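Structure data (mmCIF, C-alpha atoms) from entry-v1.cif:
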```
data_entry
loop_
_atom_site.group_PDB
_atom_site.id
_atom_site.type_symbol
_atom_site.label_atom_id
_atom_site.label_comp_id
_atom_site.auth_asym_id
_atom_site.auth_seq_id
_atom_site.Cartn_x
_atom_site.Cartn_y
_atom_site.Cartn_z
ATOM 1 C CA MET A 1 107.631 106.774 139.674
ATOM 2 C CA ALA A 2 104.787 109.179 140.401
ATOM 3 C CA GLY A 3 103.503 109.363 143.920
ATOM 4 C CA ASP A 4 100.659 110.812 145.903
ATOM 5 C CA HIS A 5 101.296 114.334 147.141
ATOM 6 C CA GLN A 6 99.045 114.757 150.168
ATOM 7 C CA ALA A 7 98.188 118.175 151.516
ATOM 8 C CA GLU A 8 97.901 118.833 155.223
ATOM 9 C CA GLY A 9 94.412 118.561 156.652
ATOM 10 C CA VAL A 10 93.162 115.846 154.302
ATOM 11 C CA PRO A 11 91.754 113.094 156.517
ATOM 12 C CA ASP A 12 93.201 109.605 156.385
ATOM 13 C CA PRO A 13 90.694 106.928 155.402
ATOM 14 C CA VAL A 14 89.202 104.670 158.033
ATOM 15 C CA LEU A 15 89.826 101.201 156.647
ATOM 16 C CA ASP A 16 87.451 98.940 158.570
ATOM 17 C CA GLY A 17 86.777 95.939 156.377
ATOM 18 C CA ALA A 18 85.135 93.778 159.046
ATOM 19 C CA GLY A 19 82.127 92.042 157.509
ATOM 20 C CA LEU A 20 82.839 93.157 153.939
ATOM 21 C CA ARG A 21 82.699 90.555 151.195
ATOM 22 C CA VAL A 22 85.247 91.095 148.416
ATOM 23 C CA ALA A 23 85.964 89.374 145.107
ATOM 24 C CA ILE A 24 89.444 89.521 143.618
ATOM 25 C CA VAL A 25 89.652 88.909 139.881
ATOM 26 C CA SER A 26 93.164 88.301 138.531
ATOM 27 C CA ALA A 27 94.428 88.006 134.975
ATOM 28 C CA ARG A 28 96.551 84.956 134.100
ATOM 29 C CA TRP A 29 98.426 86.957 131.429
ATOM 30 C CA ASN A 30 101.670 88.197 132.994
ATOM 31 C CA SER A 31 100.995 85.985 136.016
ATOM 32 C CA GLN A 32 104.542 86.599 137.277
ATOM 33 C CA ILE A 33 103.215 90.047 138.155
ATOM 34 C CA THR A 34 99.552 89.319 138.893
ATOM 35 C CA LEU A 35 100.478 86.755 141.544
ATOM 36 C CA ARG A 36 102.496 89.459 143.289
ATOM 37 C CA LEU A 37 99.517 91.838 143.029
ATOM 38 C CA LEU A 38 97.253 89.115 144.424
ATOM 39 C CA ASP A 39 99.553 88.695 147.423
ATOM 40 C CA GLY A 40 99.339 92.452 147.963
ATOM 41 C CA ALA A 41 95.535 92.477 147.719
ATOM 42 C CA ARG A 42 95.270 89.621 150.215
ATOM 43 C CA ARG A 43 97.662 91.433 152.550
ATOM 44 C CA GLY A 44 95.756 94.714 152.238
ATOM 45 C CA LEU A 45 92.381 93.116 152.893
ATOM 46 C CA ALA A 46 93.725 91.268 155.937
ATOM 47 C CA THR A 47 95.236 94.496 157.286
ATOM 48 C CA ALA A 48 91.848 96.192 156.892
ATOM 49 C CA GLY A 49 90.126 93.384 158.810
ATOM 50 C CA VAL A 50 88.398 91.611 155.928
ATOM 51 C CA ALA A 51 88.067 87.961 156.948
ATOM 52 C CA GLU A 52 89.753 85.441 154.668
ATOM 53 C CA ALA A 53 86.424 83.559 154.448
ATOM 54 C CA ASP A 54 84.810 86.730 153.021
ATOM 55 C CA VAL A 55 87.235 86.893 150.079
ATOM 56 C CA VAL A 56 86.670 84.983 146.843
ATOM 57 C CA GLU A 57 89.226 84.768 144.065
ATOM 58 C CA ASP A 58 88.716 84.195 140.356
ATOM 59 C CA TRP A 59 90.975 84.132 137.318
ATOM 60 C CA VAL A 60 90.429 85.348 133.763
ATOM 61 C CA PRO A 61 92.642 85.029 130.671
ATOM 62 C CA GLY A 62 93.900 88.615 130.581
ATOM 63 C CA ALA A 63 93.308 92.249 131.473
ATOM 64 C CA PHE A 64 90.772 92.677 128.663
ATOM 65 C CA GLU A 65 88.489 90.161 130.401
ATOM 66 C CA LEU A 66 88.679 91.774 133.853
ATOM 67 C CA PRO A 67 85.697 94.135 133.376
ATOM 68 C CA MET A 68 83.262 91.370 132.443
ATOM 69 C CA ALA A 69 84.229 89.214 135.415
ATOM 70 C CA ALA A 70 84.126 92.237 137.728
ATOM 71 C CA LYS A 71 80.664 93.184 136.540
ATOM 72 C CA ALA A 72 79.427 89.615 136.949
ATOM 73 C CA TRP A 73 80.704 89.530 140.539
ATOM 74 C CA ALA A 74 79.261 92.973 141.253
ATOM 75 C CA ARG A 75 75.855 91.967 139.888
ATOM 76 C CA SER A 76 75.844 88.671 141.787
ATOM 77 C CA GLY A 77 74.902 90.335 145.083
ATOM 78 C CA ARG A 78 77.477 88.095 146.781
ATOM 79 C CA VAL A 79 80.144 90.779 147.291
ATOM 80 C CA ASP A 80 80.353 94.371 148.451
ATOM 81 C CA ALA A 81 83.353 95.219 146.275
ATOM 82 C CA VAL A 82 85.680 93.816 143.609
ATOM 83 C CA ILE A 83 89.416 94.197 143.036
ATOM 84 C CA CYS A 84 90.700 93.739 139.475
ATOM 85 C CA LEU A 85 94.350 92.742 139.055
ATOM 86 C CA GLY A 86 96.205 92.605 135.769
ATOM 87 C CA CYS A 87 99.335 93.701 133.977
ATOM 88 C CA VAL A 88 99.608 95.160 130.493
ATOM 89 C CA ILE A 89 103.177 95.792 129.349
ATOM 90 C CA ARG A 90 103.718 97.961 126.281
ATOM 91 C CA GLY A 91 105.006 96.027 123.309
ATOM 92 C CA GLU A 92 105.909 96.863 119.747
ATOM 93 C CA THR A 93 102.333 97.183 118.462
ATOM 94 C CA THR A 94 99.255 99.266 119.297
ATOM 95 C CA HIS A 95 97.704 96.277 121.095
ATOM 96 C CA TYR A 96 98.738 97.870 124.421
ATOM 97 C CA GLU A 97 96.564 100.955 123.916
ATOM 98 C CA SER A 98 93.513 98.869 123.043
ATOM 99 C CA VAL A 99 93.825 96.481 125.963
ATOM 100 C CA ALA A 100 94.833 99.028 128.622
ATOM 101 C CA GLY A 101 92.251 101.611 127.621
ATOM 102 C CA GLU A 102 89.366 99.178 127.266
ATOM 103 C CA CYS A 103 90.253 97.491 130.546
ATOM 104 C CA ALA A 104 90.134 100.824 132.384
ATOM 105 C CA ARG A 105 86.941 101.947 130.648
ATOM 106 C CA GLY A 106 85.254 98.601 131.258
ATOM 107 C CA ILE A 107 86.088 98.545 134.946
ATOM 108 C CA GLN A 108 84.811 102.096 135.391
ATOM 109 C CA ASP A 109 81.633 101.290 133.452
ATOM 110 C CA ALA A 110 81.071 98.158 135.563
ATOM 111 C CA GLN A 111 81.259 100.033 138.842
ATOM 112 C CA LEU A 112 79.105 102.896 137.614
ATOM 113 C CA ASP A 113 76.511 100.482 136.136
ATOM 114 C CA THR A 114 76.275 98.351 139.274
ATOM 115 C CA GLY A 115 77.044 100.807 142.067
ATOM 116 C CA VAL A 116 79.550 98.329 143.471
ATOM 117 C CA PRO A 117 83.085 99.656 144.085
ATOM 118 C CA ILE A 118 85.625 98.054 141.744
ATOM 119 C CA ALA A 119 89.330 98.804 142.150
ATOM 120 C CA PHE A 120 91.482 99.259 139.063
ATOM 121 C CA GLY A 121 94.549 97.223 139.961
ATOM 122 C CA ALA A 122 95.637 96.570 136.394
ATOM 123 C CA LEU A 123 99.150 97.830 135.830
ATOM 124 C CA THR A 124 99.728 99.634 132.536
ATOM 125 C CA VAL A 125 103.482 99.902 132.259
ATOM 126 C CA GLU A 126 106.280 100.342 129.747
ATOM 127 C CA ASN A 127 108.402 97.376 130.834
ATOM 128 C CA LEU A 128 108.840 94.503 133.267
ATOM 129 C CA GLN A 129 110.953 96.592 135.641
ATOM 130 C CA GLN A 130 108.085 99.061 136.125
ATOM 131 C CA ALA A 131 105.688 96.184 136.749
ATOM 132 C CA LEU A 132 108.003 94.670 139.350
ATOM 133 C CA ALA A 133 108.353 98.070 141.073
ATOM 134 C CA ARG A 134 104.557 98.343 141.406
ATOM 135 C CA SER A 135 104.063 94.806 142.735
ATOM 136 C CA GLU A 136 106.611 94.593 145.529
ATOM 137 C CA ALA A 137 106.355 92.318 148.558
ATOM 138 C CA ALA A 138 105.306 93.466 152.035
ATOM 139 C CA GLY A 139 106.740 96.849 152.908
ATOM 140 C CA GLY A 140 107.084 97.953 149.284
ATOM 141 C CA HIS A 141 104.691 99.536 146.802
ATOM 142 C CA ASN A 142 102.032 97.080 145.637
ATOM 143 C CA VAL A 143 99.051 98.176 143.560
ATOM 144 C CA GLY A 144 97.115 95.115 144.739
ATOM 145 C CA GLU A 145 97.461 96.323 148.303
ATOM 146 C CA ASP A 146 96.368 99.796 147.181
ATOM 147 C CA GLY A 147 93.311 98.233 145.527
ATOM 148 C CA ALA A 148 92.335 96.576 148.800
ATOM 149 C CA ALA A 149 92.389 99.918 150.591
ATOM 150 C CA VAL A 150 90.367 101.525 147.784
ATOM 151 C CA VAL A 151 87.544 98.962 147.887
ATOM 152 C CA VAL A 152 87.288 99.002 151.674
ATOM 153 C CA GLU A 153 87.087 102.800 151.749
ATOM 154 C CA MET A 154 84.635 102.996 148.855
ATOM 155 C CA ALA A 155 82.420 100.135 150.084
ATOM 156 C CA ARG A 156 82.060 101.892 153.438
ATOM 157 C CA LEU A 157 81.272 105.179 151.667
ATOM 158 C CA VAL A 158 78.566 103.534 149.549
ATOM 159 C CA GLN A 159 77.112 101.779 152.593
ATOM 160 C CA ARG A 160 77.129 105.028 154.582
ATOM 161 C CA LEU A 161 75.217 106.817 151.815
ATOM 162 C CA ASP A 162 72.817 103.891 151.284
ATOM 163 C CA PRO A 163 72.636 101.855 154.525
ATOM 164 C CA GLY A 164 70.668 99.021 152.905
ATOM 165 C CA PHE A 165 73.233 98.533 150.153
ATOM 166 C CA ARG A 166 74.739 95.036 149.865
ATOM 167 C CA GLY A 167 76.176 95.054 146.363
ATOM 168 C CA GLU A 168 73.044 94.209 144.435
ATOM 169 C CA ALA A 169 72.355 95.853 141.109
#
```

Go ahead and express the file in the form of structure tokens.
Amino acid sequence: MAGDHQAEGVPDPVLDGAGLRVAIVSARWNSQITLRLLDGARRGLATAGVAEADVVEDWVPGAFELPMAAKAWARSGRVDAVICLGCVIRGETTHYESVAGECARGIQDAQLDTGVPIAFGALTVENLQQALARSEAAGGHNVGEDGAAVVVEMARLVQRLDPGFRGEA
């Protein structure tokens, strides 16, 4: 599994999520994995100080639908950031490329269109074992937990650059 190779001197993020409002959108497809990612996202937000009452959760059919739900939450003005959680496992057809690529593009477009940070927590893996390795319980690697850190850091960056920003597009 690839990892992050940090150089010396790169500052660690300050993950202060107090007062942030976050939506988590999870895909029901491959829910064995997305539930594990959701646990990680909840854990990561709590660790960063995001209050449980400031977190809303929604479900969509699959990873392909994540961008639309994320954009709707971002445009609602009710959240400062969104975490998208899904799992696309390569199969025997080209369906994987279409779903994974469009999910990634859609999430990026949604955050660029709205200015609201949206974390890409949709696994795109070759097999179930890879998905399980990226959605481990507390103490292990969990992309949902990574997504929580991403949205807290990016929401604070956006707010620092535009102090009046509250997630409205």

Problem - Point-to-point distance from atom CA of Glu65 of chain A to atom CA of Arg156 of chain A, Å rounded to tenths - result: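 Here the two named atoms are 26.6 Å from each other.
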
Residues at most 12 Å from Asp162 of chain A, counting only C-alpha atoms, excluding those fewer than 6 positions away in the same chain, as a JSON list (two decimals) with C-alpha atoms, in the coordinates of the input?
```json
[["chain", "number", "residue", "atom", "x", "y", "z"],
["A", 115, "GLY", "CA", 77.04, 100.81, 142.07],
["A", 116, "VAL", "CA", 79.55, 98.33, 143.47],
["A", 155, "ALA", "CA", 82.42, 100.14, 150.08],
["A", 156, "ARG", "CA", 82.06, 101.89, 153.44],
["A", 168, "GLU", "CA", 73.04, 94.21, 144.44]]
```

Residues near segment 46-51 of chain A, anyone? I mean within 10 Å using all atoms listed in the file, not counting same-chain ones fewer than 4 positions away, as a PDB file with C-alpha atoms, keeping the file's coordinate frame.
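Saved the output as around-v6.pdb:
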```pdb
ATOM      1  CA  VAL A  14      89.202 104.670 158.033  1.00  0.00           C
ATOM      2  CA  LEU A  15      89.826 101.201 156.647  1.00  0.00           C
ATOM      3  CA  ASP A  16      87.451  98.940 158.570  1.00  0.00           C
ATOM      4  CA  GLY A  17      86.777  95.939 156.377  1.00  0.00           C
ATOM      5  CA  ALA A  18      85.135  93.778 159.046  1.00  0.00           C
ATOM      6  CA  GLY A  19      82.127  92.042 157.509  1.00  0.00           C
ATOM      7  CA  LEU A  20      82.839  93.157 153.939  1.00  0.00           C
ATOM      8  CA  ARG A  21      82.699  90.555 151.195  1.00  0.00           C
ATOM      9  CA  VAL A  22      85.247  91.095 148.416  1.00  0.00           C
ATOM     10  CA  GLY A  40      99.339  92.452 147.963  1.00  0.00           C
ATOM     11  CA  ALA A  41      95.535  92.477 147.719  1.00  0.00           C
ATOM     12  CA  ARG A  42      95.270  89.621 150.215  1.00  0.00           C
ATOM     13  CA  VAL A  55      87.235  86.893 150.079  1.00  0.00           C
ATOM     14  CA  GLU A 145      97.461  96.323 148.303  1.00  0.00           C
ATOM     15  CA  ALA A 148      92.335  96.576 148.800  1.00  0.00           C
ATOM     16  CA  ALA A 149      92.389  99.918 150.591  1.00  0.00           C
ATOM     17  CA  VAL A 152      87.288  99.002 151.674  1.00  0.00           C
ATOM     18  CA  GLU A 153      87.087 102.800 151.749  1.00  0.00           C
TER      19      GLU A 153
END
```

Centre and edge lengths of an axis-aligned box around all listed atoms of segment 69-79 of chain A, with 4 Å added on each side, are to be given in Å to one decimal, as lines of an AutoDock Vina configuration file.
```
center_x = 79.6
center_y = 90.6
center_z = 141.4
size_x = 17.3
size_y = 13.1
size_z = 19.9
```

Fill in the blank from the handout: Min atom-atom distance to Leu157 of chain A from the set A:Val25, A:Cys87, A:Ala138, A:Ala81, counting only C-alpha atoms, belongs to A:Ala81

Handout entry: Residue with smallest distance to Gly140 of chain A - pool A:Ile89, A:Arg43, A:Ser26, A:Leu128, counting all atoms listed in the file
Key =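 That would be A:Arg43, the residue with the smallest distance to Gly140 of chain A.
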
Just add N, CA and C atoms to segment 104-130 of chain A and send it as a PDB file, in the frame of the given file.
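Below is the file out-v1.pdb, written as the result:
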```
ATOM      1  N   ALA A 104      90.460  99.720 131.473  1.00  0.00           N
ATOM      2  CA  ALA A 104      90.134 100.824 132.384  1.00  0.00           C
ATOM      3  C   ALA A 104      88.698 101.288 132.187  1.00  0.00           C
ATOM      4  N   ARG A 105      88.303 101.492 130.929  1.00  0.00           N
ATOM      5  CA  ARG A 105      86.941 101.947 130.648  1.00  0.00           C
ATOM      6  C   ARG A 105      85.920 100.920 131.126  1.00  0.00           C
ATOM      7  N   GLY A 106      86.187  99.650 130.871  1.00  0.00           N
ATOM      8  CA  GLY A 106      85.254  98.601 131.258  1.00  0.00           C
ATOM      9  C   GLY A 106      85.085  98.485 132.761  1.00  0.00           C
ATOM     10  N   ILE A 107      86.178  98.611 133.485  1.00  0.00           N
ATOM     11  CA  ILE A 107      86.088  98.545 134.946  1.00  0.00           C
ATOM     12  C   ILE A 107      85.298  99.732 135.482  1.00  0.00           C
ATOM     13  N   GLN A 108      85.562 100.914 134.959  1.00  0.00           N
ATOM     14  CA  GLN A 108      84.811 102.096 135.391  1.00  0.00           C
ATOM     15  C   GLN A 108      83.330 101.948 135.052  1.00  0.00           C
ATOM     16  N   ASP A 109      83.028 101.493 133.840  1.00  0.00           N
ATOM     17  CA  ASP A 109      81.633 101.290 133.452  1.00  0.00           C
ATOM     18  C   ASP A 109      80.960 100.282 134.374  1.00  0.00           C
ATOM     19  N   ALA A 110      81.654  99.201 134.711  1.00  0.00           N
ATOM     20  CA  ALA A 110      81.071  98.158 135.563  1.00  0.00           C
ATOM     21  C   ALA A 110      80.711  98.715 136.935  1.00  0.00           C
ATOM     22  N   GLN A 111      81.600  99.522 137.510  1.00  0.00           N
ATOM     23  CA  GLN A 111      81.259 100.033 138.842  1.00  0.00           C
ATOM     24  C   GLN A 111      80.167 101.086 138.776  1.00  0.00           C
ATOM     25  N   LEU A 112      80.158 101.896 137.738  1.00  0.00           N
ATOM     26  CA  LEU A 112      79.105 102.896 137.614  1.00  0.00           C
ATOM     27  C   LEU A 112      77.759 102.248 137.293  1.00  0.00           C
ATOM     28  N   ASP A 113      77.754 101.181 136.484  1.00  0.00           N
ATOM     29  CA  ASP A 113      76.511 100.482 136.136  1.00  0.00           C
ATOM     30  C   ASP A 113      75.913  99.741 137.328  1.00  0.00           C
ATOM     31  N   THR A 114      76.769  99.187 138.181  1.00  0.00           N
ATOM     32  CA  THR A 114      76.275  98.351 139.274  1.00  0.00           C
ATOM     33  C   THR A 114      76.206  99.072 140.613  1.00  0.00           C
ATOM     34  N   GLY A 115      76.971 100.140 140.783  1.00  0.00           N
ATOM     35  CA  GLY A 115      77.044 100.807 142.067  1.00  0.00           C
ATOM     36  C   GLY A 115      77.937 100.104 143.068  1.00  0.00           C
ATOM     37  N   VAL A 116      78.639  99.089 142.615  1.00  0.00           N
ATOM     38  CA  VAL A 116      79.550  98.329 143.471  1.00  0.00           C
ATOM     39  C   VAL A 116      80.970  98.827 143.223  1.00  0.00           C
ATOM     40  N   PRO A 117      81.708  99.196 144.266  1.00  0.00           N
ATOM     41  CA  PRO A 117      83.085  99.656 144.085  1.00  0.00           C
ATOM     42  C   PRO A 117      83.965  98.573 143.459  1.00  0.00           C
ATOM     43  N   ILE A 118      84.707  98.968 142.432  1.00  0.00           N
ATOM     44  CA  ILE A 118      85.625  98.054 141.744  1.00  0.00           C
ATOM     45  C   ILE A 118      86.961  98.767 141.611  1.00  0.00           C
ATOM     46  N   ALA A 119      87.998  98.188 142.193  1.00  0.00           N
ATOM     47  CA  ALA A 119      89.330  98.804 142.150  1.00  0.00           C
ATOM     48  C   ALA A 119      90.046  98.434 140.865  1.00  0.00           C
ATOM     49  N   PHE A 120      90.678  99.434 140.263  1.00  0.00           N
ATOM     50  CA  PHE A 120      91.482  99.259 139.063  1.00  0.00           C
ATOM     51  C   PHE A 120      92.912  98.945 139.493  1.00  0.00           C
ATOM     52  N   GLY A 121      93.220  97.664 139.583  1.00  0.00           N
ATOM     53  CA  GLY A 121      94.549  97.223 139.961  1.00  0.00           C
ATOM     54  C   GLY A 121      95.272  96.588 138.792  1.00  0.00           C
ATOM     55  N   ALA A 122      94.980  97.081 137.602  1.00  0.00           N
ATOM     56  CA  ALA A 122      95.637  96.570 136.394  1.00  0.00           C
ATOM     57  C   ALA A 122      96.784  97.518 136.059  1.00  0.00           C
ATOM     58  N   LEU A 123      97.985  97.023 136.172  1.00  0.00           N
ATOM     59  CA  LEU A 123      99.150  97.830 135.830  1.00  0.00           C
ATOM     60  C   LEU A 123      99.181  98.079 134.330  1.00  0.00           C
ATOM     61  N   THR A 124      99.517  99.279 133.940  1.00  0.00           N
ATOM     62  CA  THR A 124      99.728  99.634 132.536  1.00  0.00           C
ATOM     63  C   THR A 124     101.101 100.281 132.484  1.00  0.00           C
ATOM     64  N   VAL A 125     102.091  99.485 132.106  1.00  0.00           N
ATOM     65  CA  VAL A 125     103.482  99.902 132.259  1.00  0.00           C
ATOM     66  C   VAL A 125     104.258  99.754 130.948  1.00  0.00           C
ATOM     67  N   GLU A 126     105.414 100.381 130.926  1.00  0.00           N
ATOM     68  CA  GLU A 126     106.280 100.342 129.747  1.00  0.00           C
ATOM     69  C   GLU A 126     107.131  99.079 129.671  1.00  0.00           C
ATOM     70  N   ASN A 127     107.474  98.511 130.840  1.00  0.00           N
ATOM     71  CA  ASN A 127     108.402  97.376 130.834  1.00  0.00           C
ATOM     72  C   ASN A 127     108.245  96.556 132.112  1.00  0.00           C
ATOM     73  N   LEU A 128     108.919  95.413 132.130  1.00  0.00           N
ATOM     74  CA  LEU A 128     108.840  94.503 133.267  1.00  0.00           C
ATOM     75  C   LEU A 128     109.358  95.150 134.548  1.00  0.00           C
ATOM     76  N   GLN A 129     110.397  95.954 134.453  1.00  0.00           N
ATOM     77  CA  GLN A 129     110.953  96.592 135.641  1.00  0.00           C
ATOM     78  C   GLN A 129     109.916  97.487 136.335  1.00  0.00           C
ATOM     79  N   GLN A 130     109.136  98.222 135.544  1.00  0.00           N
ATOM     80  CA  GLN A 130     108.085  99.061 136.125  1.00  0.00           C
ATOM     81  C   GLN A 130     107.015  98.200 136.793  1.00  0.00           C
TER      82      GLN A 130
END
```
